[in-house]
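*Asks:* Structure file data.txt, compact mmCIF, C-alpha atoms, is pasted below:
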```
# COMPACT_ATOMS: atom_id res chain seq x y z
CA MET A 1 -19.69 -9.01 -27.85
CA ALA A 2 -21.57 -6.25 -29.66
CA LEU A 3 -19.96 -4.67 -32.68
CA ILE A 4 -20.52 -0.98 -33.08
CA TYR A 5 -20.16 0.87 -36.35
CA PRO A 6 -20.44 4.58 -35.72
CA LYS A 7 -21.20 6.39 -38.95
CA THR A 8 -19.19 9.45 -37.96
CA SER A 9 -16.02 7.61 -39.00
CA THR A 10 -17.03 7.81 -42.66
CA ALA A 11 -16.57 11.59 -42.51
CA ALA A 12 -13.05 10.67 -43.69
CA PHE A 13 -14.50 9.40 -46.97
CA PRO A 14 -14.72 11.66 -50.02
CA ALA A 15 -18.15 12.87 -51.12
CA HIS A 16 -20.04 10.92 -53.78
CA ASP A 17 -20.09 14.01 -55.98
CA TYR A 18 -16.76 15.75 -56.55
CA ALA A 19 -16.85 17.91 -59.65
CA PRO A 20 -13.08 18.02 -60.36
CA TYR A 21 -13.21 14.22 -60.83
CA ARG A 22 -15.40 14.46 -63.89
CA SER A 23 -16.87 10.99 -64.07
CA THR A 24 -18.53 11.43 -60.68
CA ALA A 25 -21.05 13.74 -62.40
CA LYS A 26 -23.24 10.91 -63.75
CA ARG A 27 -22.29 8.31 -61.17
CA HIS A 28 -23.38 9.73 -57.86
CA PRO A 29 -26.87 9.35 -56.37
CA LYS A 30 -28.90 12.54 -56.29
CA GLN A 31 -31.61 11.17 -54.01
CA PRO A 32 -30.93 11.13 -50.29
CA LEU A 33 -29.45 7.90 -48.96
CA VAL A 34 -31.91 6.11 -46.69
CA ILE A 35 -30.77 5.78 -43.11
CA MET A 36 -31.42 2.37 -41.60
CA PRO A 37 -30.37 0.54 -38.43
CA HIS A 38 -27.75 -2.18 -38.61
CA THR A 39 -29.22 -5.64 -38.84
CA LEU A 40 -27.47 -9.02 -38.92
CA GLY A 41 -26.56 -8.63 -42.57
CA GLU A 42 -24.72 -5.36 -42.03
CA LEU A 43 -22.97 -6.58 -38.89
CA THR A 44 -21.75 -9.86 -40.37
CA GLY A 45 -19.62 -10.27 -43.45
CA PRO A 46 -17.88 -12.89 -45.58
CA VAL A 47 -15.27 -14.98 -43.81
CA HIS A 48 -12.58 -15.89 -46.28
CA GLY A 49 -10.83 -19.22 -45.90
CA GLN A 50 -7.04 -19.32 -45.72
CA GLU A 51 -7.02 -21.55 -48.78
CA LEU A 52 -8.02 -18.58 -50.96
CA VAL A 53 -4.49 -17.20 -50.68
CA ARG A 54 -1.71 -19.40 -52.09
CA PRO A 55 1.92 -19.14 -50.98
CA GLY A 56 3.55 -16.48 -53.14
CA ASP A 57 0.32 -14.63 -53.98
CA ASN A 58 1.78 -11.66 -52.09
CA ASP A 59 4.98 -11.45 -54.18
CA LEU A 60 4.26 -9.67 -57.45
CA THR A 61 7.92 -9.92 -58.52
CA LYS A 62 7.97 -13.72 -58.72
CA MET A 63 4.94 -14.55 -60.84
CA HIS A 64 6.61 -14.77 -64.22
CA ALA A 65 9.74 -16.31 -65.74
CA GLY A 66 11.86 -13.23 -64.97
CA GLU A 67 11.71 -10.39 -62.51
CA PRO A 68 9.92 -7.20 -63.49
CA ILE A 69 11.81 -4.00 -64.27
CA GLY A 70 11.56 -1.38 -61.54
CA GLU A 71 12.34 -0.59 -57.94
CA ARG A 72 11.63 -3.60 -55.78
CA ILE A 73 9.70 -2.56 -52.66
CA VAL A 74 8.25 -4.17 -49.56
CA VAL A 75 4.85 -2.83 -48.55
CA THR A 76 3.82 -3.96 -45.11
CA GLY A 77 1.43 -2.89 -42.39
CA ARG A 78 -1.52 -3.86 -40.26
CA VAL A 79 -5.23 -3.85 -40.79
CA LEU A 80 -6.80 -2.28 -37.69
CA ASP A 81 -10.25 -1.35 -36.52
CA GLU A 82 -11.24 2.11 -35.32
CA ASP A 83 -9.98 1.32 -31.82
CA GLY A 84 -6.59 0.33 -33.18
CA ARG A 85 -7.17 -3.38 -32.58
CA PRO A 86 -5.78 -5.76 -35.21
CA VAL A 87 -8.11 -7.43 -37.70
CA PRO A 88 -6.77 -10.98 -38.24
CA ASN A 89 -7.65 -13.02 -41.34
CA ALA A 90 -8.54 -9.92 -43.33
CA LEU A 91 -8.34 -10.54 -47.08
CA LEU A 92 -6.40 -7.93 -49.07
CA GLU A 93 -6.32 -7.82 -52.87
CA ILE A 94 -4.05 -5.34 -54.65
CA TRP A 95 -3.50 -4.26 -58.24
CA GLN A 96 -1.25 -1.65 -59.81
CA ALA A 97 0.50 -0.35 -62.93
CA ASN A 98 4.06 -1.43 -63.74
CA SER A 99 7.11 0.78 -63.20
CA ALA A 100 6.44 2.57 -66.51
CA GLY A 101 2.89 3.43 -65.41
CA ARG A 102 1.20 0.89 -67.70
CA TYR A 103 -1.63 -1.46 -66.62
CA VAL A 104 -2.13 -4.89 -68.22
CA HIS A 105 -5.89 -4.31 -68.50
CA VAL A 106 -6.99 -4.59 -72.15
CA ILE A 107 -8.70 -1.20 -72.24
CA GLU A 108 -5.54 0.60 -71.10
CA VAL A 109 -4.19 2.83 -73.89
CA HIS A 110 -1.26 4.65 -72.28
CA ASP A 111 1.75 4.69 -74.58
CA ALA A 112 4.16 3.07 -72.15
CA PRO A 113 5.65 -0.40 -72.41
CA LEU A 114 4.13 -3.51 -70.91
CA ASP A 115 6.48 -5.60 -68.82
CA PRO A 116 6.29 -9.30 -69.78
CA ASN A 117 7.35 -10.13 -66.22
CA PHE A 118 4.63 -8.16 -64.47
CA THR A 119 0.86 -8.60 -64.22
CA GLY A 120 0.38 -6.43 -61.15
CA ALA A 121 -2.18 -8.34 -59.09
CA GLY A 122 -1.59 -9.79 -55.63
CA ARG A 123 -3.36 -10.91 -52.50
CA ALA A 124 -2.62 -11.60 -48.85
CA MET A 125 -4.38 -12.37 -45.62
CA THR A 126 -3.49 -10.70 -42.35
CA ASP A 127 -2.01 -12.79 -39.55
CA ALA A 128 -3.13 -12.96 -35.93
CA ASP A 129 -1.56 -9.53 -35.37
CA GLY A 130 -3.39 -8.01 -38.33
CA ARG A 131 -0.13 -7.82 -40.31
CA TYR A 132 0.33 -8.29 -44.04
CA GLN A 133 3.26 -7.96 -46.43
CA PHE A 134 3.56 -7.50 -50.18
CA ILE A 135 6.66 -7.52 -52.35
CA THR A 136 6.24 -5.63 -55.58
CA ILE A 137 7.81 -2.91 -57.74
CA LYS A 138 7.04 0.76 -57.36
CA PRO A 139 4.34 1.72 -59.90
CA GLY A 140 4.84 4.71 -62.18
CA ALA A 141 2.53 7.70 -62.47
CA TYR A 142 0.18 7.52 -65.41
CA PRO A 143 -1.83 9.91 -67.56
CA TRP A 144 -5.62 9.85 -67.74
CA GLY A 145 -8.28 11.83 -69.55
CA ASN A 146 -9.90 13.73 -66.68
CA HIS A 147 -8.45 17.09 -67.76
CA HIS A 148 -5.57 18.42 -69.88
CA ASN A 149 -2.22 16.99 -68.78
CA ALA A 150 -3.82 14.92 -66.03
CA TRP A 151 -1.60 12.39 -64.27
CA ARG A 152 -2.40 10.03 -61.40
CA PRO A 153 0.22 9.98 -58.67
CA ALA A 154 1.92 6.59 -58.30
CA HIS A 155 -0.51 4.37 -56.40
CA ILE A 156 -1.40 0.80 -55.50
CA HIS A 157 -5.08 -0.15 -55.37
CA PHE A 158 -6.16 -2.01 -52.24
CA SER A 159 -9.42 -3.92 -51.73
CA VAL A 160 -9.90 -4.93 -48.09
CA PHE A 161 -12.45 -7.04 -46.23
CA GLY A 162 -12.81 -6.50 -42.49
CA SER A 163 -15.00 -8.19 -39.91
CA SER A 164 -18.26 -7.08 -41.42
CA PHE A 165 -20.00 -5.99 -44.58
CA LEU A 166 -19.72 -2.42 -43.31
CA SER A 167 -15.94 -2.50 -42.96
CA ARG A 168 -15.49 -3.20 -46.64
CA ILE A 169 -13.27 -0.72 -48.41
CA VAL A 170 -11.54 -0.14 -51.71
CA THR A 171 -8.82 2.47 -51.52
CA GLN A 172 -5.54 3.63 -53.09
CA MET A 173 -2.16 3.87 -51.39
CA TYR A 174 0.18 6.69 -52.42
CA PHE A 175 3.91 7.29 -51.89
CA PRO A 176 5.45 10.04 -49.77
CA GLY A 177 6.61 13.21 -51.47
CA ASP A 178 4.79 12.66 -54.75
CA PRO A 179 4.75 15.98 -56.67
CA LEU A 180 1.36 15.21 -58.19
CA PHE A 181 -0.81 15.31 -55.05
CA SER A 182 -1.93 18.90 -55.44
CA TYR A 183 -2.90 18.31 -59.08
CA ASP A 184 -4.83 15.04 -58.62
CA PRO A 185 -8.61 15.39 -58.13
CA ILE A 186 -8.94 11.85 -56.77
CA PHE A 187 -6.38 12.53 -54.04
CA GLN A 188 -7.83 16.00 -53.44
CA SER A 189 -11.36 14.60 -53.06
CA VAL A 190 -10.34 13.71 -49.51
CA THR A 191 -10.48 17.16 -48.01
CA ASP A 192 -9.06 16.83 -44.50
CA PRO A 193 -5.22 16.79 -44.42
CA LYS A 194 -5.26 14.29 -41.54
CA ASP A 195 -7.36 11.91 -43.63
CA ARG A 196 -5.05 12.39 -46.62
CA GLU A 197 -2.05 11.35 -44.54
CA ARG A 198 -3.72 8.00 -43.97
CA MET A 199 -3.61 7.33 -47.72
CA ILE A 200 0.16 7.73 -47.98
CA CYS A 201 2.58 4.99 -46.94
CA ARG A 202 5.56 5.82 -44.75
CA PHE A 203 9.12 5.04 -45.79
CA ASP A 204 10.65 2.79 -43.14
CA ILE A 205 14.45 2.49 -43.02
CA GLU A 206 14.24 -0.15 -40.28
CA ALA A 207 12.15 -2.49 -42.43
CA THR A 208 14.20 -1.72 -45.54
CA ARG A 209 16.25 -4.76 -46.56
CA PRO A 210 19.90 -3.88 -47.20
CA GLU A 211 20.93 -4.33 -50.81
CA TRP A 212 17.51 -5.69 -51.70
CA ALA A 213 14.45 -3.45 -51.33
CA LEU A 214 13.14 -0.26 -49.77
CA ALA A 215 10.26 -0.81 -47.38
CA TYR A 216 7.11 1.18 -46.77
CA GLN A 217 4.61 0.91 -43.92
CA TYR A 218 0.91 1.26 -44.63
CA ASP A 219 -1.69 0.60 -41.97
CA ILE A 220 -5.31 0.34 -43.04
CA VAL A 221 -7.94 1.43 -40.53
CA LEU A 222 -11.39 -0.01 -41.08
CA ARG A 223 -14.83 0.96 -39.82
CA GLY A 224 -15.96 -0.94 -36.81
CA ARG A 225 -14.89 -1.50 -33.27
CA ASN A 226 -15.46 -4.16 -30.69
CA ALA A 227 -17.28 -3.04 -27.57
CA THR A 228 -14.81 -2.32 -24.80
CA PRO A 229 -15.26 -4.47 -21.64
CA THR A 230 -16.78 -1.45 -19.85
CA GLU A 231 -19.45 -1.01 -22.50
CA GLU A 232 -20.17 -4.75 -22.45
CA LEU A 233 -21.26 -4.51 -18.82
CA HIS A 234 -24.08 -2.20 -19.84
CA HIS A 235 -25.45 -4.54 -22.50
CA ASP A 236 -27.35 -7.72 -21.69
CA MET B 237 -8.59 -8.46 -24.18
CA THR B 238 -6.16 -7.98 -21.34
CA ASP B 239 -3.41 -5.81 -22.80
CA ALA B 240 -3.50 -2.03 -22.50
CA ALA B 241 -5.81 -0.34 -25.00
CA PRO B 242 -3.93 0.25 -28.27
CA LYS B 243 -3.38 3.79 -29.50
CA ARG B 244 -6.61 4.87 -31.14
CA PRO B 245 -6.13 5.84 -34.81
CA THR B 246 -7.13 9.40 -35.71
CA GLY B 247 -9.67 8.10 -38.17
CA ILE B 248 -10.34 5.43 -40.78
CA THR B 249 -8.64 5.01 -44.12
CA PRO B 250 -10.51 7.04 -46.75
CA SER B 251 -12.21 5.27 -49.64
CA ALA B 252 -11.05 5.76 -53.24
CA THR B 253 -12.51 4.80 -56.57
CA VAL B 254 -11.96 1.24 -57.75
CA GLY B 255 -10.92 2.78 -61.09
CA PRO B 256 -11.29 1.37 -64.62
CA PHE B 257 -8.68 -1.37 -64.40
CA PHE B 258 -9.75 -3.65 -61.53
CA LYS B 259 -10.86 -6.64 -63.62
CA TYR B 260 -7.48 -8.34 -63.97
CA GLY B 261 -7.04 -8.21 -60.18
CA LEU B 262 -10.54 -8.83 -58.84
CA THR B 263 -12.56 -10.56 -61.61
CA PRO B 264 -10.02 -12.02 -64.07
CA ARG B 265 -12.41 -14.82 -65.25
CA GLY B 266 -9.69 -16.47 -67.32
CA ALA B 267 -8.86 -13.36 -69.34
CA TYR B 268 -5.65 -12.57 -67.42
CA PRO B 269 -2.83 -14.60 -65.80
CA TRP B 270 -4.39 -14.43 -62.33
CA ASN B 271 -6.84 -16.79 -60.70
CA ASP B 272 -10.39 -16.09 -59.51
CA ILE B 273 -11.05 -16.59 -55.82
CA ILE B 274 -14.49 -15.00 -55.62
CA LEU B 275 -17.05 -16.09 -58.20
CA SER B 276 -20.45 -14.82 -59.31
CA SER B 277 -22.15 -17.89 -57.89
CA THR B 278 -22.60 -18.80 -54.22
CA ILE B 279 -23.69 -22.30 -55.12
CA THR B 280 -21.70 -25.27 -53.80
CA PRO B 281 -22.58 -28.91 -54.66
CA ASP B 282 -24.22 -29.64 -51.31
CA VAL B 283 -25.92 -26.31 -50.68
CA ALA B 284 -29.51 -26.43 -49.41
CA GLY B 285 -32.26 -24.28 -50.88
CA GLU B 286 -33.87 -23.18 -54.09
CA ARG B 287 -31.47 -22.13 -56.82
CA ILE B 288 -32.17 -18.67 -58.22
CA ALA B 289 -30.47 -16.29 -60.65
CA ILE B 290 -30.53 -12.51 -60.55
CA ALA B 291 -29.64 -10.60 -63.70
CA GLY B 292 -29.76 -6.91 -64.48
CA ARG B 293 -27.87 -3.87 -65.67
CA VAL B 294 -26.03 -1.03 -63.97
CA MET B 295 -26.77 2.39 -65.45
CA ASP B 296 -25.56 5.93 -64.88
CA GLY B 297 -27.43 9.24 -64.70
CA ASP B 298 -27.93 9.29 -68.48
CA GLY B 299 -29.37 5.78 -68.42
CA ALA B 300 -26.17 4.65 -70.15
CA ALA B 301 -24.68 1.24 -69.44
CA MET B 302 -21.85 1.14 -66.92
CA ALA B 303 -19.47 -1.40 -68.39
CA ASP B 304 -16.92 -1.00 -65.60
CA ALA B 305 -18.83 -1.61 -62.38
CA MET B 306 -18.23 -4.29 -59.78
CA ILE B 307 -21.02 -5.69 -57.62
CA GLU B 308 -20.75 -7.89 -54.53
CA ILE B 309 -23.61 -9.62 -52.73
CA TRP B 310 -23.90 -10.93 -49.17
CA GLN B 311 -26.80 -12.98 -47.91
CA ALA B 312 -28.12 -15.52 -45.45
CA ASP B 313 -28.61 -19.16 -46.44
CA SER B 314 -31.99 -20.79 -47.07
CA ALA B 315 -32.51 -21.15 -43.30
CA GLY B 316 -31.86 -17.44 -42.73
CA ARG B 317 -28.40 -17.91 -41.23
CA PHE B 318 -25.30 -15.95 -42.20
CA ALA B 319 -22.02 -17.83 -42.64
CA HIS B 320 -20.33 -15.85 -39.88
CA PRO B 321 -19.17 -16.52 -36.30
CA LEU B 322 -21.96 -14.24 -34.97
CA GLN B 323 -24.45 -16.89 -36.06
CA GLY B 324 -22.43 -19.99 -35.35
CA GLY B 325 -22.03 -22.91 -37.73
CA GLY B 326 -25.16 -23.99 -39.55
CA ALA B 327 -26.04 -27.19 -41.37
CA ASN B 328 -25.14 -25.51 -44.65
CA ALA B 329 -21.45 -25.51 -43.79
CA SER B 330 -19.96 -24.85 -47.21
CA PHE B 331 -22.23 -21.92 -48.11
CA THR B 332 -20.25 -18.68 -47.95
CA GLY B 333 -23.13 -16.37 -48.85
CA PHE B 334 -20.80 -14.09 -50.81
CA ALA B 335 -20.29 -13.49 -54.52
CA ARG B 336 -18.74 -10.90 -56.81
CA THR B 337 -19.11 -9.99 -60.44
CA ASP B 338 -18.30 -7.22 -62.88
CA THR B 339 -20.51 -5.77 -65.58
CA ALA B 340 -20.25 -6.58 -69.28
CA LYS B 341 -20.01 -4.02 -72.11
CA ASP B 342 -23.78 -3.52 -72.01
CA GLY B 343 -23.70 -2.97 -68.25
CA SER B 344 -25.23 -6.36 -67.53
CA PHE B 345 -24.45 -8.67 -64.63
CA ARG B 346 -25.73 -12.02 -63.38
CA PHE B 347 -25.50 -13.84 -60.04
CA GLU B 348 -26.47 -17.41 -59.22
CA THR B 349 -27.36 -18.14 -55.68
CA ILE B 350 -29.97 -19.73 -53.43
CA ARG B 351 -33.08 -18.00 -52.17
CA PRO B 352 -32.21 -16.53 -48.75
CA GLY B 353 -34.39 -17.27 -45.74
CA ALA B 354 -35.88 -14.50 -43.62
CA VAL B 355 -33.70 -13.01 -40.90
CA PRO B 356 -34.61 -11.03 -37.79
CA GLY B 357 -34.59 -7.25 -37.90
CA ALA B 358 -32.55 -4.79 -35.83
CA THR B 359 -34.56 -5.50 -32.69
CA GLY B 360 -33.48 -9.13 -32.75
CA ALA B 361 -35.42 -12.36 -32.27
CA GLY B 362 -39.00 -11.69 -31.18
CA GLY B 363 -39.21 -8.46 -33.17
CA PRO B 364 -40.40 -8.08 -36.77
CA MET B 365 -38.65 -10.37 -39.25
CA GLN B 366 -37.09 -8.92 -42.35
CA ALA B 367 -38.35 -10.15 -45.70
CA PRO B 368 -35.88 -12.34 -47.61
CA HIS B 369 -33.29 -10.05 -49.14
CA ILE B 370 -29.75 -9.85 -50.46
CA LEU B 371 -27.29 -7.12 -49.45
CA VAL B 372 -25.48 -5.45 -52.34
CA VAL B 373 -22.43 -3.21 -52.64
CA VAL B 374 -21.49 -1.42 -55.88
CA PHE B 375 -18.07 -0.06 -56.93
CA ALA B 376 -17.08 1.73 -60.17
CA ARG B 377 -14.85 4.27 -61.84
CA GLY B 378 -16.41 7.66 -61.10
CA MET B 379 -17.54 6.46 -57.68
CA LEU B 380 -15.23 7.71 -54.94
CA ARG B 381 -16.98 5.54 -52.37
CA HIS B 382 -19.07 2.41 -52.67
CA LEU B 383 -22.87 2.30 -52.52
CA TYR B 384 -25.02 -0.13 -50.51
CA THR B 385 -28.40 -1.37 -51.60
CA ARG B 386 -30.65 -4.43 -51.17
CA ILE B 387 -32.51 -6.85 -53.41
CA TYR B 388 -35.98 -7.97 -52.30
CA PHE B 389 -38.20 -10.38 -54.27
CA ALA B 390 -41.46 -9.48 -56.05
CA ASP B 391 -43.07 -12.81 -55.14
CA GLN B 392 -42.68 -12.11 -51.42
CA ALA B 393 -45.27 -9.32 -51.28
CA ALA B 394 -46.63 -10.09 -47.81
CA ALA B 395 -43.17 -10.34 -46.26
CA ASN B 396 -42.05 -7.18 -48.09
CA ALA B 397 -45.08 -5.28 -46.77
CA ALA B 398 -43.97 -6.10 -43.21
CA ASP B 399 -40.25 -5.55 -43.73
CA PRO B 400 -38.90 -3.00 -41.21
CA VAL B 401 -36.20 -1.68 -43.60
CA LEU B 402 -38.49 -1.25 -46.61
CA ALA B 403 -40.80 0.67 -44.28
CA LEU B 404 -38.05 3.29 -43.90
CA VAL B 405 -37.87 3.84 -47.66
CA PRO B 406 -40.18 6.49 -49.20
CA ALA B 407 -43.12 4.51 -50.59
CA ALA B 408 -42.66 5.84 -54.13
CA ARG B 409 -39.10 4.49 -54.24
CA ARG B 410 -39.59 1.02 -52.72
CA ALA B 411 -40.06 -0.62 -56.10
CA THR B 412 -36.42 0.12 -56.99
CA LEU B 413 -35.40 -2.47 -54.38
CA ILE B 414 -37.70 -5.25 -55.57
CA ALA B 415 -36.42 -7.72 -58.14
CA GLU B 416 -38.96 -8.56 -60.79
CA HIS B 417 -39.84 -12.26 -61.01
CA VAL B 418 -39.19 -13.28 -64.62
CA ALA B 419 -39.94 -17.03 -64.49
CA ASN B 420 -39.14 -19.99 -62.24
CA GLY B 421 -35.94 -19.07 -60.39
CA ASP B 422 -35.01 -16.08 -62.58
CA TYR B 423 -35.21 -12.53 -61.29
CA HIS B 424 -34.39 -9.18 -62.85
CA PHE B 425 -32.87 -6.26 -60.89
CA ASP B 426 -31.45 -3.10 -62.46
CA ILE B 427 -29.23 -0.68 -60.55
CA ARG B 428 -29.64 2.96 -61.54
CA ILE B 429 -26.96 5.05 -59.85
CA GLN B 430 -28.66 8.36 -60.70
CA GLY B 431 -31.69 9.89 -62.42
CA ASP B 432 -35.11 8.47 -63.22
CA ASP B 433 -36.03 5.55 -60.96
CA GLU B 434 -32.74 5.98 -59.14
CA THR B 435 -32.16 2.90 -56.99
CA VAL B 436 -32.44 3.42 -53.25
CA PHE B 437 -29.01 3.37 -51.59
CA PHE B 438 -28.55 3.07 -47.84
CA ASP B 439 -26.58 5.19 -45.43
CA ILE B 440 -25.36 2.47 -43.08
```
Can you dump the structure from the file as structure tokens?

*Replies:*
Amino acid sequence: MALIYPKTSTAAFPAHDYAPYRSTAKRHPKQPLVIMPHTLGELTGPVHGQELVRPGDNDLTKMHAGEPIGERIVVTGRVLDEDGRPVPNALLEIWQANSAGRYVHVIEVHDAPLDPNFTGAGRAMTDADGRYQFITIKPGAYPWGNHHNAWRPAHIHFSVFGSSFLSRIVTQMYFPGDPLFSYDPIFQSVTDPKDRERMICRFDIEATRPEWALAYQYDIVLRGRNATPTEELHHD
Amino acid sequence: MTDAAPKRPTGITPSATVGPFFKYGLTPRGAYPWNDIILSSTITPDVAGERIAIAGRVMDGDGAAMADAMIEIWQADSAGRFAHPLQGGGANASFTGFARTDTAKDGSFRFETIRPGAVPGATGAGGPMQAPHILVVVFARGMLRHLYTRIYFADQAAANAADPVLALVPAARRATLIAEHVANGDYHFDIRIQGDDETVFFDI
């Protein structure tokens, strides 16, 4: 079965150079990217063993002696390819700030409290239906130095591996109704409103667990599609 | 695939920057209460092939060190086979061909791996072989989307001269993709995101 990776799908990606996000100025290539055909290396990709993800790695609220402060949430969804087919055994790694908007990373300087019961890292692997689930607390917005009074909307970082090296993506998931979207250059760097919608999770009352946690749905669509049976007939 | 075609998404999920704080989640290396699952070495006890190390620095458009970059590599084994269902199981069963590292304060990184074998090019078996190479992807704060590049080896001049991908690169820029042979199994490869001697990145 041939795998096809049309490049047109990456039109959804932000540009390398986006002036309002100041640190892109020195960190984008100025020379043209070289176009090349896909060879075996591009079409294959790391296959992660199930043993990499331990039971409980997807529950960021149970990793310390006590539970973290903040709104407990369920974040669930499917990893899909461009044709909407599930990607099973996809490795997801997430990291986020705590409910006060503070990261545990040592270089973080935001004057907000650390939570001794929250590190903020998790991982999961999708099942046969491409589905994953995380339990965590809702991260707070946090200030950064891009411009005066700059704040990042609440977000969870996602790193995702798909079926090939080309499907690889690192992205950020946002929450519906955040007042900071129109002020955030990183969010705004994605210019098409339809593409922006794909970065925001959807509140889901059906998946919400009574008296326990609100639930949000977040599907991740990766580059790549399997050839449909019709197309297969035209290949040898 | 017998069920009805699923509803086609309107597009793919957009990329975002990895940001400055990924280390505790992706490359904790004992500095945070989280375990490492992807290391900077591809080497397993029984792996076949010549052990090599590739070290270098990641630099920005001012030539300044990028202390907050993340690099991942993907490569074939010493027999030129990728650890992926498309190539079937090889003799080198435990080799994953994949590694990840972050950069230190001076922008430096180091991978340990085995020398990859040559793999066929885009036209498949019977067409021109590619020179031994390693696929690279780079992430960092200030990069809204990742960048792809490749590492070739200076002591593979004949193979490099016939490589179908290097042939697509403007001749004056090919050297940015070739790791310098330092000694024995040690290679040096710098990644310059912008500016003088900017590394070639691929649109794939």

*Asks:* Residues within 7 Å of segment 17-24 of chain A, please, as a PDB file with C-alpha atoms, keeping the file's coordinate frame. Count all atoms listed in the file; anything in the same chain fewer than 3 positions from it doesn't count.

*Replies:*
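Saved file out_12.pdb follows:
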```
ATOM      1  CA  ARG A  27     -22.290   8.310 -61.170  1.00  0.00           C
ATOM      2  CA  HIS A  28     -23.380   9.730 -57.860  1.00  0.00           C
ATOM      3  CA  ASN A 146      -9.900  13.730 -66.680  1.00  0.00           C
ATOM      4  CA  PRO A 185      -8.610  15.390 -58.130  1.00  0.00           C
ATOM      5  CA  ILE A 186      -8.940  11.850 -56.770  1.00  0.00           C
ATOM      6  CA  SER A 189     -11.360  14.600 -53.060  1.00  0.00           C
TER       7      SER A 189
ATOM      8  CA  GLY B 378     -16.410   7.660 -61.100  1.00  0.00           C
ATOM      9  CA  MET B 379     -17.540   6.460 -57.680  1.00  0.00           C
TER      10      MET B 379
END
```

*Asks:* May I have the residues within 9 Å of Ile156 of chain A as an mmCIF file with C-alpha atoms, in the frame of the given file, using all atoms listed in the file and disregarding those fewer than 3 positions away in the same chain?

*Replies:*
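Just written: selection32.cif:
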```
data_model
loop_
_atom_site.group_PDB
_atom_site.id
_atom_site.type_symbol
_atom_site.label_atom_id
_atom_site.label_comp_id
_atom_site.auth_asym_id
_atom_site.auth_seq_id
_atom_site.Cartn_x
_atom_site.Cartn_y
_atom_site.Cartn_z
ATOM 1 C CA ILE A 94 -4.050 -5.340 -54.650
ATOM 2 C CA TRP A 95 -3.500 -4.260 -58.240
ATOM 3 C CA GLN A 96 -1.250 -1.650 -59.810
ATOM 4 C CA ALA A 97 0.500 -0.350 -62.930
ATOM 5 C CA LYS A 138 7.040 0.760 -57.360
ATOM 6 C CA PRO A 139 4.340 1.720 -59.900
ATOM 7 C CA THR A 171 -8.820 2.470 -51.520
ATOM 8 C CA GLN A 172 -5.540 3.630 -53.090
ATOM 9 C CA MET A 173 -2.160 3.870 -51.390
ATOM 10 C CA TYR A 174 0.180 6.690 -52.420
#
```

*Asks:* Do me a favour and pick out the residues of chain A within 6 Å of chain B, using only C-alpha atoms, as a list of chain:residue names.

*Replies:*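 Interface list for chain A against chain B: A:Ala12, A:Phe13, A:His16, A:Ser23, A:Thr24, A:Lys26, A:Arg27, A:Pro29, A:Leu33, A:Val34, A:Ile35, A:Thr39, A:Asp83, A:Gly84, A:Trp95, A:His105, A:Ala121, A:Val170, A:Thr171, A:Gln172, A:Arg198, A:Ile220, A:Val221, A:Leu222.
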
*Asks:* Do you have the atom CA of Arg196 of chain A-atom CA of Phe175 of chain A distance handy?

*Replies:*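 Going from atom CA of Arg196 of chain A over to atom CA of Phe175 of chain A, I get 11.6 Å.
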
*Asks:* Excluding same-chain residues fewer than 4 positions from Asp115 of chain A, what lies within 8 Å of it counting all atoms listed in the file, as a ChimeraX atom specification?

*Replies:* /A:68-69,98,119

*Asks:* Report, in Å with one decimal, the straight-line distance from atom CA of Ala291 of chain B to atom CA of Arg410 of chain B.

*Replies:* 18.8 Å

*Asks:* What does the structure give for the distance between atom CA of Ala394 of chain B and atom CA of Glu348 of chain B, in Å to one decimal?

*Replies:* 24.3 Å

*Asks:* Could you list as a list in words every residue that has an atom within 7 Å of (-20.7, -11.5, -56.7), using the file's coordinates and counting all atoms listed in the file?

*Replies:*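 Residues satisfying the cut-off, written out: Leu275, Ser276, Ser277, Ile307, Glu308, Ile309, Phe334, Ala335, Arg336, Thr337 and Phe347 of chain B.
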